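J.: Got a structure for you, written out below as structure tokens; questions coming shortly.
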Amino acid sequence: MYKILVINPGSTSTRLALYEEGIELFREKINHPKEELNVYKSVMEQCPLRKDAVINMLDKWKVPINELAAVAGRGGTLRPIKSGTYIVNQRMIEDCIRGVGGHHASNLGAVIASEIAAKAGIPAFVVDPPVVDELGELARITGLPEIKRKSRFHALNQKECAKAAANELGKSYQEARIIVVHLGSGISIGAHICGQVVDVNDCYDSEGPIMPERAGTLPAGDLVKMCYSGKFTLEEMQKKLTGKGGVYAYLGTSDMISVKGKVNLGDKAAKLLYDAMAYQVSKFVGALSTVLEGNVDCIAMTGGLAGDDDFIKMVSCRVDWIAPVKVYPGEMEMEALAKGVLEVLQGAVEAKIYCDDSIID
Ligand SMILES: Nc1ncnc2c1ncn2[C@@H]1O[C@H](COP(=O)(O)OP(=O)(O)O)[C@@H](O)[C@H]1O
Ligand SMILES: CCCC(=O)OP(=O)(O)O
């Protein structure tokens with residue numbers, strides 16, 4: 001009986017779960033308010049805080065680490081790689097710590113998983129990290145040869161959600177054509193064609209619609225002028241794009257539940273932003289419908305904000321002429337992580353190695 005501990009550090013929370021042979025025994029979400037995290041200069045400095053939270057939770061669940069068969073971590077913003085389950089190795093840890101693909105909270109997933117696994121003498125894995133790269137050749141091109149588009153998105157949840165949607169449609173993921181919209185702290189919108197995410201906005205480095213804590217795509221000329229205005233450092237500009245951009249920059253919060261509360265109380269600024277976000281999400285879905293040449297089986301909406309029926313209605317009204325809309329509020333990341341690792345432990349799938357051969361140039 002394989003017991004798998006799943007660790008999923010997000011921008012504002014650490015989600016934990018324990019699975020035995022695919023059955024979820026425990027699940028808990030530890031929230032980290034912005035004030036608690038803002039005292040750390042970098043994401044990696046949050047490691048002891050989040051690791052202690054994991055150890056305390058195992059104590060609360062009364063699960064000794066020697067009962068575990070493996071630890072699964074969500075992570076991280078590594079170098080671009082193919083989809084799959086990867087064993088956490090030293091190179092991966094170093095890339096997470098250095099933040100080669102950005103300093104996202106998911107980098108802590110691989111690091112904490114490996115520290116706990118090392119203590120128990122068991123392996124640690126990551127599954128479909130946010131740098132899964134299946135972009136088509138055309139999707140990589142920008143108008144400047146020095147800049148190539150990147151694939152950084154909610155790969156784990158997007159794929160699990162697309163599989164669930166395909167299943168409902170009576171198709172396999174490998175034969176389905178689906179647009180997945182992940183509505184979280186970051187918003188990613190991906191075109192899934194026959195099991196490959198051939199185009200998606202790089203939601204980490206602020207490509208896409210306005211997001212709860214990221215700016216999304218900006219007019220490039222004005223952005224360049226702002227960078228050279230002398231008013232901001234590189235770090236300040238980066239924070240403006242990712243972390244303190246989007247809804248946070250306007251309203252001082254990235255919590256869409258509280259934004260919705262303001263909208264309901266008649267706050268005009270909150271309403272404008274809320275409507276603009278729905279408008280822009282719809283626009284990106286429309287753009288991806290052309291990538292699928294109009295042949296779209298369904299549009300699947302997921303993530304925390306997919307729990308807001310009014311928001312979903314606003315987007316659906318604009319996009320349901322493209323294909324039927326299916327809604328999967330929250331995330332399926334915990335079960336996807338456990339499933340990916342169980343397949344490896346049972347010998348059904350071989351774990352991939354993070355190395356030069358698996359990294360996509
Ligand atoms: N039921 C809900 N209704 C509206 N917004 C929600 C709901 N649940 C979560 N959110 C919002 O979704 C965002 C977080 O997305 P989520 O996918 O839960 O986490 P993260 O991307 O941080 O891992 C926050 O802005 C949160 O306020
Ligand atoms: C790095 C891409 C994945 C992402 O943005 O996740 P969150 O929305 O959880 O921050």
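Labels for the structure tokens follow display order: chains A, B, ..., residues from 1 in each chain, ligands from 1.
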Hey, which bits of chain A sit within 6 Å of ligand 1, and for each residue what's the closest pair of atoms and how far apart in Å (one decimal), counting only C-alpha atoms and all ligand atoms, rows by chain and increasing number, as a tab-separated table?

T.:
residue	atom	partner	partner_atom_place_in_ligand_line	distance
A:Gly10	CA	ligand 1	23 (O)	4.3
A:Ser11	CA	ligand 1	22 (O)	4.7
A:Thr12	CA	ligand 1	22 (O)	5.1
A:Gly184	CA	ligand 1	15 (O)	3.3
A:Ser185	CA	ligand 1	21 (O)	3.8
A:Gly186	CA	ligand 1	21 (O)	5.6
A:Pro212	CA	ligand 1	25 (O)	5.5
A:Ser254	CA	ligand 1	25 (O)	5.1
A:Asp255	CA	ligand 1	27 (O)	3.6
A:Met256	CA	ligand 1	27 (O)	3.8
A:Ile257	CA	ligand 1	27 (O)	4.5
A:Gly303	CA	ligand 1	17 (O)	4.0
A:Gly304	CA	ligand 1	9 (C)	3.6
A:Leu305	CA	ligand 1	5 (N)	3.8
A:Gly307	CA	ligand 1	1 (N)	3.9
A:Asp308	CA	ligand 1	3 (N)	4.1
A:Gly330	CA	ligand 1	17 (O)	5.9

J.: Just want the residues within 8 Å of ligand 2, written as a PyMOL selection string, counting only C-alpha atoms and all ligand atoms.

T.: chain A and resi 9-12+76-77+102+104-106+130-131+152-155+183-188+202-204

J.: Quote the spacing between CA of Lys119 in chain A and CA of Val341 in chain A in Å to one decimal place.

T.: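 Distance between the two atoms: 18.5 Å.
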
J.: Go through A:Asp133, A:Glu207, A:Asp52, A:Glu67 and flag the residue nearest Gln280 in chain A, using only C-alpha atoms for the distances.

T.: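 Selected residue with least distance to Gln280 in chain A: A:Glu207.
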
J.: Could you tell me which of A:Thr233, A:Asn201, A:Thr242, A:Asn56 comes closest to Arg214 in chain A if we count only C-alpha atoms?

T.: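 Nearest to Arg214 in chain A: A:Thr242.
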
J.: Tyr19 in chain A: which residues within 6 Å, counting only C-alpha atoms, same-chain residues fewer than 2 positions away excluded, as a ChimeraX atom specification?

T.: /A:3-4,22-25

J.: Please list as an NGL selection string every residue within 8 Å of range 282-299 of chain A, counting only C-alpha atoms and excluding residues in the same chain fewer than 5 positions away.

T.: :A and (165 or 169 or 176-181 or 189-191 or 193 or 199 or 208-209 or 315-316 or 318-319 or 322-326)

J.: Would you return as a ChimeraX atom specification the members of range 22-214 of chain A that DSSP assigns to helix (DSSP H, G or I) on this structure's backbone?

T.: /A:34-38,44-61,65-67,90-98,107-120,138-140,155-168,173-175

J.: If you count only C-alpha atoms, which residues fall within 8 Å of range 347-357 of chain A, apart from same-chain ones fewer than 3 positions away, as a list in words?

T.: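 Listing them by chain and then by number gives Gly84, Thr85, Tyr86, Ile87, Val88, Asn89, Arg91, Met92, Glu343, Val344 and Ile360 of chain A.
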
J.: Show which residues sit within 9 Å of range 259-265 of chain A, as a list of chain:residue names. Count only C-alpha atoms, and ignore same-chain residues fewer than 5 positions away.

T.: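 Close residues of range 259-265 of chain A: A:Val247, A:Leu251, A:Thr253, A:Ser254, A:Ala270, A:Lys271, A:Leu272, A:Tyr274, A:Asp308.
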
J.: Could you please determine the separation between CA of Leu345 in chain A and CA of Glu20 in chain A in Å, to one decimal place?

T.: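 Between CA of Leu345 in chain A and CA of Glu20 in chain A the gap is 11.9 Å.
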